[in-house]
$ cat my_file_26.cif   # mmCIF, C-alpha atoms
data_coords
loop_
_atom_site.label_atom_id
_atom_site.label_comp_id
_atom_site.auth_asym_id
_atom_site.auth_seq_id
_atom_site.Cartn_x
_atom_site.Cartn_y
_atom_site.Cartn_z
CA MET R 1 -2.02 12.66 -17.89
CA ASN R 2 1.15 12.40 -19.96
CA LEU R 3 0.32 10.75 -23.28
CA LEU R 4 3.07 9.02 -25.26
CA ARG R 5 2.52 8.34 -28.94
CA LYS R 6 4.02 5.05 -30.15
CA LEU R 7 3.71 2.83 -33.21
CA PHE R 8 2.75 -0.82 -32.94
CA VAL R 9 2.83 -3.24 -35.86
CA GLY R 10 -0.21 -5.48 -36.18
CA SER R 11 1.99 -8.58 -36.39
CA SER R 12 3.38 -8.09 -32.88
CA ALA R 13 5.22 -11.08 -31.42
CA PHE R 14 2.93 -11.00 -28.40
CA ALA R 15 -0.32 -12.91 -28.46
CA VAL R 16 -3.27 -10.54 -28.32
CA LEU R 17 -6.32 -11.57 -26.32
CA THR R 18 -9.53 -10.08 -27.70
CA GLY R 19 -12.85 -9.51 -26.00
CA SER R 20 -13.32 -7.88 -22.62
CA ALA R 21 -13.95 -11.16 -20.81
CA LEU R 22 -10.59 -12.57 -21.90
CA ALA R 23 -8.69 -9.32 -21.65
CA GLY R 24 -10.11 -8.13 -18.33
CA ILE R 25 -10.79 -4.74 -19.93
CA THR R 26 -13.87 -2.77 -18.89
CA VAL R 27 -14.86 0.21 -21.04
CA SER R 28 -17.16 2.55 -19.10
CA SER R 29 -17.49 5.13 -21.87
CA PRO R 30 -18.35 5.10 -24.71
CA GLU R 31 -20.71 2.14 -24.85
CA ASN R 32 -20.58 -0.30 -27.76
CA GLY R 33 -22.74 1.04 -30.59
CA ALA R 34 -22.82 4.59 -29.15
CA SER R 35 -23.00 7.77 -31.20
CA VAL R 36 -20.56 10.35 -29.83
CA TYR R 37 -19.12 13.73 -30.77
CA SER R 38 -15.51 14.65 -31.23
CA PRO R 39 -13.86 15.06 -28.81
CA PHE R 40 -15.45 12.34 -26.65
CA ASN R 41 -14.59 10.94 -23.23
CA LEU R 42 -12.87 7.54 -23.14
CA SER R 43 -12.92 5.82 -19.75
CA ALA R 44 -11.64 2.27 -19.26
CA ASN R 45 -9.75 0.08 -16.82
CA ALA R 46 -8.16 -3.37 -16.86
CA SER R 47 -7.79 -5.77 -13.96
CA THR R 48 -5.52 -8.32 -15.65
CA CYS R 49 -4.18 -9.24 -19.05
CA SER R 50 -3.50 -12.96 -19.55
CA SER R 51 -3.29 -13.34 -15.74
CA GLN R 52 -0.64 -10.60 -15.56
CA ASN R 53 -0.86 -7.30 -13.70
CA VAL R 54 -1.65 -4.47 -16.11
CA VAL R 55 1.11 -1.87 -16.41
CA SER R 56 -0.22 0.29 -19.26
CA MET R 57 -3.26 0.88 -21.42
CA GLY R 58 -3.91 2.53 -24.74
CA TYR R 59 -6.24 2.92 -27.68
CA SER R 60 -6.26 3.10 -31.47
CA PHE R 61 -8.80 3.29 -34.28
CA ASP R 62 -9.70 0.90 -37.08
CA SER R 63 -6.61 -0.54 -38.81
CA SER R 64 -4.25 2.21 -37.71
CA THR R 65 -1.00 1.11 -36.05
CA ASP R 66 -0.77 4.48 -34.24
CA THR R 67 -1.58 3.80 -30.58
CA ILE R 68 -1.86 6.28 -27.72
CA ILE R 69 -0.45 4.73 -24.51
CA VAL R 70 -0.74 5.76 -20.87
CA SER R 71 0.86 4.14 -17.85
CA GLY R 72 -1.24 2.32 -15.27
CA ALA R 73 -4.37 0.19 -15.30
CA ALA R 74 -6.87 3.01 -15.96
CA LEU R 75 -7.49 5.10 -19.03
CA ASN R 76 -9.32 8.45 -18.96
CA ALA R 77 -8.86 10.72 -21.94
CA SER R 78 -10.60 13.27 -24.14
CA VAL R 79 -10.33 11.77 -27.62
CA ALA R 80 -10.66 13.65 -30.90
CA TYR R 81 -11.07 11.74 -34.16
CA THR R 82 -12.63 12.03 -37.58
CA SER R 83 -16.38 11.68 -38.08
CA GLY R 84 -17.90 8.43 -39.32
CA SER R 85 -18.24 4.82 -38.17
CA HIS R 86 -15.15 3.44 -36.43
CA THR R 87 -13.85 0.56 -34.35
CA LEU R 88 -12.16 1.81 -31.20
CA HIS R 89 -9.52 -0.65 -29.97
CA VAL R 90 -8.95 -0.38 -26.20
CA LYS R 91 -5.74 -2.14 -25.21
CA ALA R 92 -3.87 -3.31 -22.12
CA TRP R 93 -0.38 -4.64 -21.58
CA GLY R 94 0.70 -6.99 -18.80
CA SER R 95 3.81 -6.88 -16.64
CA SER R 96 5.37 -9.80 -18.53
CA GLY R 97 4.54 -8.65 -22.03
CA ALA R 98 1.00 -9.92 -22.64
CA ALA R 99 -1.13 -7.74 -24.92
CA CYS R 100 -4.93 -7.59 -24.76
CA ASP R 101 -7.55 -5.80 -26.83
CA THR R 102 -11.30 -5.19 -26.71
CA ASP R 103 -13.24 -3.46 -29.48
CA VAL R 104 -15.97 -0.82 -29.26
CA ALA R 105 -18.03 0.16 -32.29
CA ILE R 106 -18.83 3.89 -32.33
CA THR R 107 -20.12 6.54 -34.70
CA ILE R 108 -18.44 9.95 -34.41
CA ASP R 109 -20.06 13.26 -35.32
CA SER R 110 -17.67 16.19 -35.46
CA ASP R 111 -20.22 18.77 -34.29
CA ALA R 112 -21.84 18.30 -30.88
CA MET R 113 -24.04 21.35 -31.37
CA ALA R 114 -25.71 19.73 -34.39
CA SER R 115 -27.61 17.31 -32.16
CA LEU R 116 -29.01 19.88 -29.79
CA LEU R 117 -32.28 21.54 -30.56
CA SER R 118 -31.99 23.74 -33.57
CA LEU R 119 -30.89 27.14 -32.34
CA PRO R 120 -33.02 29.79 -34.04
CA ALA R 121 -31.38 32.56 -36.02
CA ASP R 122 -32.42 35.14 -33.43
CA VAL R 123 -31.14 33.18 -30.42
CA LEU R 124 -29.95 35.39 -27.57
CA SER R 125 -26.72 34.65 -25.73
CA VAL R 126 -24.42 36.02 -23.07
CA SER R 127 -20.84 34.85 -23.42
CA ALA R 128 -17.74 35.10 -21.23
CA ILE R 129 -19.94 35.14 -18.13
CA GLN R 130 -16.92 33.95 -16.14
CA VAL R 131 -15.25 37.38 -16.54
CA LEU R 132 -18.13 39.36 -15.02
CA SER R 133 -17.05 41.18 -11.88
CA ASN R 134 -19.97 40.43 -9.55
CA TRP R 135 -19.30 36.77 -8.72
CA ILE R 136 -20.01 36.12 -5.03
CA GLY R 137 -19.17 33.03 -2.99
CA SER R 138 -21.03 31.71 0.05
CA THR R 139 -21.32 28.49 2.05
CA ASP R 140 -24.24 26.27 1.10
CA THR R 141 -25.99 25.95 4.45
CA ALA R 142 -27.99 22.91 3.30
CA GLY R 143 -25.02 20.73 4.23
CA SER R 144 -23.40 20.09 7.60
CA GLY R 145 -19.88 21.18 6.68
CA THR R 146 -18.11 24.52 6.54
CA THR R 147 -16.30 26.22 3.66
CA THR R 148 -14.33 29.28 2.74
CA GLY R 149 -13.81 30.20 -0.89
CA TRP R 150 -12.45 32.78 -3.26
CA THR R 151 -12.48 33.41 -6.98
CA THR R 152 -10.41 35.47 -9.41
CA ILE R 153 -9.58 35.85 -13.11
CA VAL R 154 -6.39 34.12 -14.31
CA GLY R 155 -4.53 33.88 -17.59
CA SER R 156 -3.39 30.28 -17.10
CA PRO R 157 -4.78 27.70 -17.37
CA SER R 158 -7.12 29.30 -19.86
CA LEU R 159 -8.67 28.90 -23.29
CA SER R 160 -9.67 32.53 -23.80
CA GLY R 161 -6.91 34.17 -21.75
CA HIS R 162 -9.47 35.07 -19.07
CA ALA R 163 -10.52 31.99 -17.10
CA ARG R 164 -12.06 32.17 -13.64
CA GLU R 165 -10.41 30.20 -10.87
CA PHE R 166 -12.48 28.96 -7.93
CA GLN R 167 -10.87 27.65 -4.77
CA ILE R 168 -12.47 26.22 -1.65
CA THR R 169 -11.27 24.87 1.67
CA PHE R 170 -13.77 22.76 3.57
CA THR R 171 -14.56 20.56 6.53
CA ASN R 172 -17.07 17.71 6.72
CA SER R 173 -17.75 17.70 2.95
CA GLY R 174 -18.78 21.36 3.00
CA SER R 175 -20.01 23.14 -0.14
CA GLU R 176 -19.22 26.58 -1.56
CA ARG R 177 -21.65 28.22 -4.00
CA PHE R 178 -20.52 30.99 -6.36
CA ASP R 179 -23.20 32.99 -8.17
CA ASP R 180 -23.48 35.77 -10.72
CA THR R 181 -26.39 37.67 -12.32
CA PHE R 182 -26.13 38.32 -16.05
CA GLY R 183 -29.58 39.45 -17.27
CA ASP R 184 -33.29 39.89 -16.54
CA ASP R 185 -35.12 38.08 -19.36
CA ASN R 186 -38.37 36.52 -18.07
CA THR R 187 -39.81 35.37 -21.41
CA SER R 188 -37.24 32.95 -22.87
CA THR R 189 -38.14 29.32 -22.29
CA ASN R 190 -35.29 27.35 -23.95
CA PHE R 191 -31.70 27.29 -22.72
CA LEU R 192 -28.30 25.84 -23.55
CA TYR R 193 -25.67 26.13 -20.80
CA ASP R 194 -22.20 25.84 -22.32
CA THR R 195 -18.85 26.01 -20.52
CA TYR R 196 -15.37 24.51 -20.12
CA VAL R 197 -13.99 23.20 -16.82
CA TYR R 198 -10.40 22.40 -15.82
CA LEU R 199 -9.41 20.25 -12.84
CA ASN R 200 -6.02 19.55 -11.28
CA SER R 201 -4.88 16.95 -8.75
CA THR R 202 -7.17 18.45 -6.09
CA SER R 203 -10.12 16.87 -7.96
CA SER R 204 -9.71 13.95 -5.55
CA LYS R 205 -11.25 16.29 -2.95
CA ILE R 206 -14.35 17.11 -5.01
CA ALA R 207 -17.64 15.33 -4.32
CA ASN R 208 -19.92 17.25 -6.71
CA LEU R 209 -19.74 19.96 -9.36
CA GLU R 210 -22.98 21.89 -9.76
CA PHE R 211 -24.00 24.01 -12.77
CA ASP R 212 -27.25 25.96 -12.19
CA LEU R 213 -29.37 28.55 -13.94
CA ASN R 214 -32.20 30.47 -12.23
CA GLN R 215 -34.78 32.53 -14.13
CA THR R 216 -37.64 34.64 -12.84
CA MET R 217 -40.70 33.94 -15.00
CA GLN R 218 -43.51 36.26 -16.09
CA ASN R 219 -45.74 34.95 -13.27
CA GLY R 220 -43.17 36.17 -10.72
CA GLN R 221 -42.04 32.70 -9.70
CA THR R 222 -38.49 31.45 -10.27
CA ALA R 223 -37.62 28.47 -12.43
CA ILE R 224 -34.57 26.67 -11.05
CA PHE R 225 -32.59 24.64 -13.57
CA GLY R 226 -30.27 22.73 -11.24
CA PHE R 227 -27.79 20.23 -12.64
CA GLN R 228 -24.78 18.51 -11.10
CA CYS R 229 -22.13 15.86 -11.58
CA ASP R 230 -22.69 13.82 -8.43
CA GLY R 231 -19.63 11.94 -7.19
CA TRP R 232 -21.58 10.28 -4.36
CA SER R 233 -24.01 8.46 -6.65
CA SER R 234 -21.83 8.68 -9.81
CA THR R 235 -24.73 10.15 -11.78
CA TRP R 236 -25.78 13.36 -13.44
CA ASP R 237 -28.54 14.84 -11.22
CA TYR R 238 -31.24 17.44 -11.81
CA THR R 239 -33.44 19.39 -9.41
CA ALA R 240 -37.19 19.17 -8.88
CA ASN R 241 -39.66 20.87 -6.55
CA ALA R 242 -41.35 17.97 -4.76
CA GLY R 243 -43.67 20.43 -2.99
CA SER R 244 -45.48 23.46 -4.39
CA PRO R 245 -44.15 26.88 -5.44
CA THR R 246 -45.27 28.41 -2.14
CA ASN R 247 -44.22 25.42 -0.04
CA PRO R 248 -41.22 24.14 -1.97
CA VAL R 249 -39.22 20.99 -1.34
CA ASP R 250 -36.03 21.29 -3.36
CA THR R 251 -34.95 17.76 -4.33
CA TRP R 252 -32.12 16.23 -6.31
CA VAL R 253 -33.11 13.46 -8.71
CA HIS R 254 -30.53 10.95 -9.99
CA SER R 255 -30.55 10.34 -13.73
CA HIS R 256 -29.33 7.09 -15.28
CA GLN R 257 -26.31 8.81 -16.83
CA TYR R 258 -22.86 8.33 -15.31
CA CYS R 259 -20.80 11.20 -13.89
CA ASN R 260 -18.18 11.50 -11.16
CA PRO R 261 -15.81 14.51 -11.14
CA ARG R 262 -13.11 12.47 -9.44
CA THR R 263 -12.83 10.33 -12.60
CA TRP R 264 -12.41 13.29 -14.96
CA SER R 265 -8.96 13.64 -16.50
CA ILE R 266 -6.88 16.32 -14.80
CA ASN R 267 -4.93 19.16 -16.41
CA VAL R 268 -7.21 19.22 -19.48
CA TRP R 269 -10.26 21.30 -20.38
CA HIS R 270 -13.61 19.49 -20.26
CA HIS R 271 -16.55 20.75 -22.33
CA VAL R 272 -19.88 20.73 -20.45
CA GLN R 273 -23.16 21.49 -22.27
CA ILE R 274 -26.65 21.16 -20.78
CA GLY R 275 -29.93 21.61 -22.66
CA TYR R 276 -33.35 22.23 -21.06
CA TYR R 277 -36.61 24.14 -21.47
CA ARG R 278 -39.68 25.11 -19.40
CA ASN R 279 -43.35 25.98 -19.79
CA SER R 280 -45.10 29.04 -18.39
CA SER R 281 -45.78 27.39 -15.00
CA GLY R 282 -42.23 26.17 -14.40
CA GLN R 283 -42.43 22.56 -15.60
CA VAL R 284 -38.83 21.95 -16.65
CA THR R 285 -37.68 19.37 -19.18
CA TYR R 286 -34.03 18.37 -18.92
CA GLN R 287 -33.12 17.16 -22.37
CA ALA R 288 -29.46 16.11 -22.40
CA VAL R 289 -25.98 16.78 -21.13
CA TRP R 290 -22.79 16.60 -23.19
CA LEU R 291 -19.41 15.94 -21.58
CA ASP R 292 -16.51 16.37 -23.99
CA GLY R 293 -18.90 15.85 -26.88
CA LEU R 294 -20.49 12.65 -25.55
CA GLU R 295 -24.26 13.03 -25.53
CA MET R 296 -26.13 11.63 -22.53
CA PRO R 297 -29.92 11.94 -22.87
CA ILE R 298 -31.85 12.87 -19.70
CA ASN R 299 -35.40 13.35 -21.08
CA ALA R 300 -37.02 14.12 -17.71
CA THR R 301 -39.83 16.59 -16.98
CA VAL R 302 -40.35 17.83 -13.42
CA SER R 303 -41.90 20.74 -11.55
CA SER R 304 -39.25 23.31 -10.68
CA ALA R 305 -41.08 26.57 -9.88
CA PHE R 306 -40.37 28.42 -6.63
CA ALA R 307 -42.22 31.47 -5.24
CA LEU R 308 -39.12 33.31 -4.04
CA GLY R 309 -40.31 36.89 -4.53
CA TRP R 310 -37.37 37.76 -6.77
CA SER R 311 -37.25 40.64 -9.22
CA PRO R 312 -36.71 39.63 -12.87
CA VAL R 313 -33.27 38.03 -13.09
CA LEU R 314 -31.09 35.51 -14.88
CA LEU R 315 -28.60 34.06 -12.41
CA THR R 316 -26.06 31.26 -12.60
CA ASN R 317 -24.61 29.24 -9.72
CA PHE R 318 -21.43 27.21 -9.81
CA GLN R 319 -20.96 25.06 -6.72
CA ILE R 320 -18.09 22.89 -5.53
CA ASP R 321 -18.81 20.28 -2.85
CA GLY R 322 -15.90 18.96 -0.81
CA TYR R 323 -15.18 15.26 -0.42
CA GLY R 324 -14.02 13.97 2.95
CA SER R 325 -13.46 15.32 6.44
CA SER R 326 -11.40 18.30 5.24
CA GLY R 327 -9.40 19.55 2.31
CA ALA R 328 -9.09 22.08 -0.49
CA ALA R 329 -9.91 22.07 -4.20
CA ASN R 330 -9.34 24.29 -7.22
CA VAL R 331 -11.51 24.44 -10.34
CA TRP R 332 -11.15 26.69 -13.40
CA MET R 333 -13.97 27.76 -15.73
CA ASP R 334 -13.72 29.40 -19.15
CA ASN R 335 -15.95 30.42 -22.07
CA LEU R 336 -19.17 30.24 -20.02
CA THR R 337 -22.02 31.01 -22.39
CA VAL R 338 -25.79 30.75 -21.86
CA TYR R 339 -27.96 30.62 -25.00
CA ARG R 340 -31.68 31.37 -24.70
CA TRP R 341 -34.73 31.77 -26.94
#

$ encode --input "my_file_26.cif" --output "structure tokens"
Amino acid sequence: MNLLRKLFVGSSAFAVLTGSALAGITVSSPENGASVYSPFNLSANASTCSSQNVVSMGYSFDSSTDTIIVSGAALNASVAYTSGSHTLHVKAWGSSGAACDTDVAITIDSDAMASLLSLPADVLSVSAIQVLSNWIGSTDTAGSGTTTGWTTIVGSPSLSGHAREFQITFTNSGSERFDDTFGDDNTSTNFLYDTYVYLNSTSSKIANLEFDLNQTMQNGQTAIFGFQCDGWSSTWDYTANAGSPTNPVDTWVHSHQYCNPRTWSINVWHHVQIGYYRNSSGQVTYQAVWLDGLEMPINATVSSAFALGWSPVLLTNFQIDGYGSSGAANVWMDNLTVYRW
């Protein structure tokens, strides 16, 4: 989204309506009073401003006259700002010059990692997993659709110079799963999944984005840490085994936290972090997910052990689900790191 930086003087000649009820402004994220991390995701829309059609929106902080403006009646941006307590002014402008404003009180922390569990000094990690050569794609047969997919390393768009591009074509909302093995640790019980994702205009054809980690445990069973941004329910979801390890029923559970990949800003990198841990029998606790520094607590414990007969392995899946009767979508991933201890 092309951002234009403009200056607005507080004593504008236009009357400014304040409060979301008057202004017609709805701020989906962040919530009033939220604690967020820089950068954070700002999502808002405006139906009307002083009974006028909204032609542009923007935002500023505190008493600053420096306002970021975008065209249209929706605002989705990754916002970086200094740490501390701030008033975020979300603004809208009408077709005949009306100006509206609603305020959101937030506290910004500059370090998202500081809120996660304390990482021990001897934490193990595998970084740049996206560059490994053994990524394999396959159709997820759990759905009714069909897919073809491919993946390759590209230099642009990229943060590291070596991003992985995934592309799928699909029918009937088909899903393509890409997986890669990167270790064989069966003793670690705490994990932080950390990556960056880039979407382009084909994001309108994406139903879900799935970020999974599978680990064979010391008892020979496999713990499945499944997590997805679900565009059907507009929630972050996590997996649970509703059956038993030997008679598993793999189930998606909706959290109360919002997510829809079709609302993510395009042509920018989004930071995705997921924290979880397990016990020796495969009870998994999903702690939180961070999207662009915004912390969304999950705090759910479920059974997620499966008797799959696997050899010791650490494996990650990245899955793209199509949206609609047919189409194609591209997604890029960079700096994929899994921390464990």

$ residues_around --input "my_file_26.cif" --residues "range 213-230 of chain R" --least-positions-apart "4" --cutoff "6 Å" --atoms "all atoms listed in the file" --output "ChimeraX atom specification"
/R:186,208-209,234-239,259-260,282,304-307,312-316

$ residues_near_point --input "my_file_26.cif" --point "(5.4, -8.2, -20.3)" --cutoff "10 Å" --atoms "only C-alpha atoms" --output "short mmCIF file (atom, residue, chain, number, x, y, z; two decimals) with C-alpha atoms, keeping the file's coordinate frame"
data_model
loop_
_atom_site.label_atom_id
_atom_site.label_comp_id
_atom_site.auth_asym_id
_atom_site.auth_seq_id
_atom_site.Cartn_x
_atom_site.Cartn_y
_atom_site.Cartn_z
CA PHE R 14 2.93 -11.00 -28.40
CA CYS R 49 -4.18 -9.24 -19.05
CA GLN R 52 -0.64 -10.60 -15.56
CA ASN R 53 -0.86 -7.30 -13.70
CA VAL R 54 -1.65 -4.47 -16.11
CA VAL R 55 1.11 -1.87 -16.41
CA TRP R 93 -0.38 -4.64 -21.58
CA GLY R 94 0.70 -6.99 -18.80
CA SER R 95 3.81 -6.88 -16.64
CA SER R 96 5.37 -9.80 -18.53
CA GLY R 97 4.54 -8.65 -22.03
CA ALA R 98 1.00 -9.92 -22.64
CA ALA R 99 -1.13 -7.74 -24.92
#

$ closest_residue --input "my_file_26.cif" --among "R:Val331, R:Leu336, R:Ala44, R:Leu88" --to "Glu165 in chain R" --atoms "all atoms listed in the file"
R:Val331

$ atom_distance --input "my_file_26.cif" --atom1 "CA of Thr87 in chain R" --atom2 "CA of Ala74 in chain R"
19.8 Å

$ resolve_selection --input "my_file_26.cif" --expression "the PyMOL selection byres ((chain R and resi 70) around 6)" --output "ChimeraX atom specification"
/R:3,56-58,69,71

$ closest_residue --input "my_file_26.cif" --among "R:Met333, R:Ala92, R:Ile320, R:Leu124" --to "Ser158 in chain R" --atoms "all atoms listed in the file"
R:Met333

$ atom_distance --input "my_file_26.cif" --atom1 "CA of Phe178 in chain R" --atom2 "CA of Asn335 in chain R"
16.4 Å

$ resolve_selection --input "my_file_26.cif" --expression "the PyMOL selection byres ((chain R and resi 157) around 10)" --output "JSON, numbers by chain"
{"R": [154, 155, 156, 158, 159, 160, 161, 162, 163, 164, 165, 198, 199, 267, 268, 269, 332, 333, 334]}

$ residues_around --input "my_file_26.cif" --residues "Ser138 in chain R" --least-positions-apart "4" --cutoff "10 Å" --atoms "all atoms listed in the file" --output "list in words"
Thr147, Thr148, Gly149, Trp150, Ser175, Glu176, Arg177, Phe178, Asp179 and Gln319 of chain R

$ atom_distance --input "my_file_26.cif" --atom1 "CA of Leu291 in chain R" --atom2 "CA of Arg262 in chain R"
14.1 Å

$ resolve_selection --input "my_file_26.cif" --expression "the PyMOL selection byres ((chain R and resi 286) around 8)" --output "list in words"
Tyr238, Gly275, Tyr276, Tyr277, Val284, Thr285, Gln287, Ala288, Ile298, Asn299, Ala300 and Thr301 of chain R

$ residues_around --input "my_file_26.cif" --residues "Ala34 in chain R" --least-positions-apart "5" --cutoff "9 Å" --atoms "all atoms listed in the file" --output "PyMOL selection string"
chain R and resi 104-108

$ residues_around --input "my_file_26.cif" --residues "Gln283 in chain R" --least-positions-apart "3" --cutoff "6 Å" --atoms "only C-alpha atoms" --output "list in words"
Arg278, Asn279, Val302, Ser303 and Ser304 of chain R

$ residues_around --input "my_file_26.cif" --residues "Tyr59 in chain R" --least-positions-apart "4" --cutoff "8 Å" --atoms "all atoms listed in the file" --output "ChimeraX atom specification"
/R:67-69,88-91

$ write_last_selection --input "my_file_26.cif" --atoms "C-alpha atoms" --output "PDB file, in the coordinates of the input"
ATOM      1  CA  THR R  67      -1.580   3.800 -30.580  1.00  0.00           C
ATOM      2  CA  ILE R  68      -1.860   6.280 -27.720  1.00  0.00           C
ATOM      3  CA  ILE R  69      -0.450   4.730 -24.510  1.00  0.00           C
ATOM      4  CA  LEU R  88     -12.160   1.810 -31.200  1.00  0.00           C
ATOM      5  CA  HIS R  89      -9.520  -0.650 -29.970  1.00  0.00           C
ATOM      6  CA  VAL R  90      -8.950  -0.380 -26.200  1.00  0.00           C
ATOM      7  CA  LYS R  91      -5.740  -2.140 -25.210  1.00  0.00           C
TER       8      LYS R  91
END

$ closest_residue --input "my_file_26.cif" --among "R:Leu294, R:Ile266, R:Ala240, R:Cys100" --to "Ser51 in chain R" --atoms "only C-alpha atoms"
R:Cys100

$ closest_residue --input "my_file_26.cif" --among "R:Ala128, R:Val27, R:Ala329, R:Val197" --to "His271 in chain R" --atoms "only C-alpha atoms"
R:Val197

$ residues_near_point --input "my_file_26.cif" --point "(-11.7, 9.8, -26.9)" --cutoff "9 Å" --atoms "only C-alpha atoms" --output "list in words"
Ser29, Pro30, Ser38, Pro39, Phe40, Asn41, Leu42, Ser43, Tyr59, Asn76, Ala77, Ser78, Val79, Ala80, Tyr81 and Asp292 of chain R

$ build_atoms --input "my_file_26.cif" --residues "range 68-87 of chain R" --atoms "N, CA and C atoms" --output "PDB file, in the frame of the given file"
ATOM      1  N   ILE R  68      -2.128   5.389 -28.839  1.00  0.00           N
ATOM      2  CA  ILE R  68      -1.860   6.280 -27.720  1.00  0.00           C
ATOM      3  C   ILE R  68      -1.771   5.431 -26.457  1.00  0.00           C
ATOM      4  N   ILE R  69      -0.699   5.571 -25.692  1.00  0.00           N
ATOM      5  CA  ILE R  69      -0.450   4.730 -24.510  1.00  0.00           C
ATOM      6  C   ILE R  69      -0.337   5.598 -23.276  1.00  0.00           C
ATOM      7  N   VAL R  70      -0.901   5.122 -22.176  1.00  0.00           N
ATOM      8  CA  VAL R  70      -0.740   5.760 -20.870  1.00  0.00           C
ATOM      9  C   VAL R  70      -0.292   4.691 -19.880  1.00  0.00           C
ATOM     10  N   SER R  71       0.415   5.099 -18.859  1.00  0.00           N
ATOM     11  CA  SER R  71       0.860   4.140 -17.850  1.00  0.00           C
ATOM     12  C   SER R  71      -0.266   3.864 -16.866  1.00  0.00           C
ATOM     13  N   GLY R  72      -0.250   2.681 -16.272  1.00  0.00           N
ATOM     14  CA  GLY R  72      -1.240   2.320 -15.270  1.00  0.00           C
ATOM     15  C   GLY R  72      -2.386   1.519 -15.837  1.00  0.00           C
ATOM     16  N   ALA R  73      -3.275   1.086 -14.936  1.00  0.00           N
ATOM     17  CA  ALA R  73      -4.370   0.190 -15.300  1.00  0.00           C
ATOM     18  C   ALA R  73      -5.685   0.913 -15.497  1.00  0.00           C
ATOM     19  N   ALA R  74      -5.650   2.235 -15.702  1.00  0.00           N
ATOM     20  CA  ALA R  74      -6.870   3.010 -15.960  1.00  0.00           C
ATOM     21  C   ALA R  74      -6.594   3.983 -17.082  1.00  0.00           C
ATOM     22  N   LEU R  75      -7.609   4.241 -17.866  1.00  0.00           N
ATOM     23  CA  LEU R  75      -7.490   5.100 -19.030  1.00  0.00           C
ATOM     24  C   LEU R  75      -8.640   6.098 -19.003  1.00  0.00           C
ATOM     25  N   ASN R  76      -8.326   7.380 -18.897  1.00  0.00           N
ATOM     26  CA  ASN R  76      -9.320   8.450 -18.960  1.00  0.00           C
ATOM     27  C   ASN R  76      -8.757   9.533 -19.855  1.00  0.00           C
ATOM     28  N   ALA R  77      -9.413   9.774 -20.978  1.00  0.00           N
ATOM     29  CA  ALA R  77      -8.860  10.720 -21.940  1.00  0.00           C
ATOM     30  C   ALA R  77      -9.983  11.368 -22.736  1.00  0.00           C
ATOM     31  N   SER R  78      -9.739  12.594 -23.175  1.00  0.00           N
ATOM     32  CA  SER R  78     -10.600  13.270 -24.140  1.00  0.00           C
ATOM     33  C   SER R  78     -10.039  12.983 -25.520  1.00  0.00           C
ATOM     34  N   VAL R  79     -10.831  12.319 -26.354  1.00  0.00           N
ATOM     35  CA  VAL R  79     -10.330  11.770 -27.620  1.00  0.00           C
ATOM     36  C   VAL R  79     -10.988  12.496 -28.793  1.00  0.00           C
ATOM     37  N   ALA R  80     -10.171  13.025 -29.672  1.00  0.00           N
ATOM     38  CA  ALA R  80     -10.660  13.650 -30.900  1.00  0.00           C
ATOM     39  C   ALA R  80     -10.332  12.759 -32.086  1.00  0.00           C
ATOM     40  N   TYR R  81     -11.309  12.560 -32.979  1.00  0.00           N
ATOM     41  CA  TYR R  81     -11.070  11.740 -34.160  1.00  0.00           C
ATOM     42  C   TYR R  81     -12.052  12.138 -35.241  1.00  0.00           C
ATOM     43  N   THR R  82     -11.815  11.645 -36.440  1.00  0.00           N
ATOM     44  CA  THR R  82     -12.630  12.030 -37.580  1.00  0.00           C
ATOM     45  C   THR R  82     -14.040  11.450 -37.482  1.00  0.00           C
ATOM     46  N   SER R  83     -14.992  12.131 -38.113  1.00  0.00           N
ATOM     47  CA  SER R  83     -16.380  11.680 -38.080  1.00  0.00           C
ATOM     48  C   SER R  83     -16.547  10.421 -38.920  1.00  0.00           C
ATOM     49  N   GLY R  84     -17.605   9.659 -38.605  1.00  0.00           N
ATOM     50  CA  GLY R  84     -17.900   8.430 -39.320  1.00  0.00           C
ATOM     51  C   GLY R  84     -17.985   7.243 -38.383  1.00  0.00           C
ATOM     52  N   SER R  85     -18.159   6.055 -38.946  1.00  0.00           N
ATOM     53  CA  SER R  85     -18.240   4.820 -38.170  1.00  0.00           C
ATOM     54  C   SER R  85     -16.836   4.253 -37.977  1.00  0.00           C
ATOM     55  N   HIS R  86     -16.498   3.896 -36.737  1.00  0.00           N
ATOM     56  CA  HIS R  86     -15.150   3.440 -36.430  1.00  0.00           C
ATOM     57  C   HIS R  86     -15.179   2.289 -35.431  1.00  0.00           C
ATOM     58  N   THR R  87     -14.100   1.536 -35.414  1.00  0.00           N
ATOM     59  CA  THR R  87     -13.850   0.560 -34.350  1.00  0.00           C
ATOM     60  C   THR R  87     -12.758   1.125 -33.454  1.00  0.00           C
TER      61      THR R  87
END
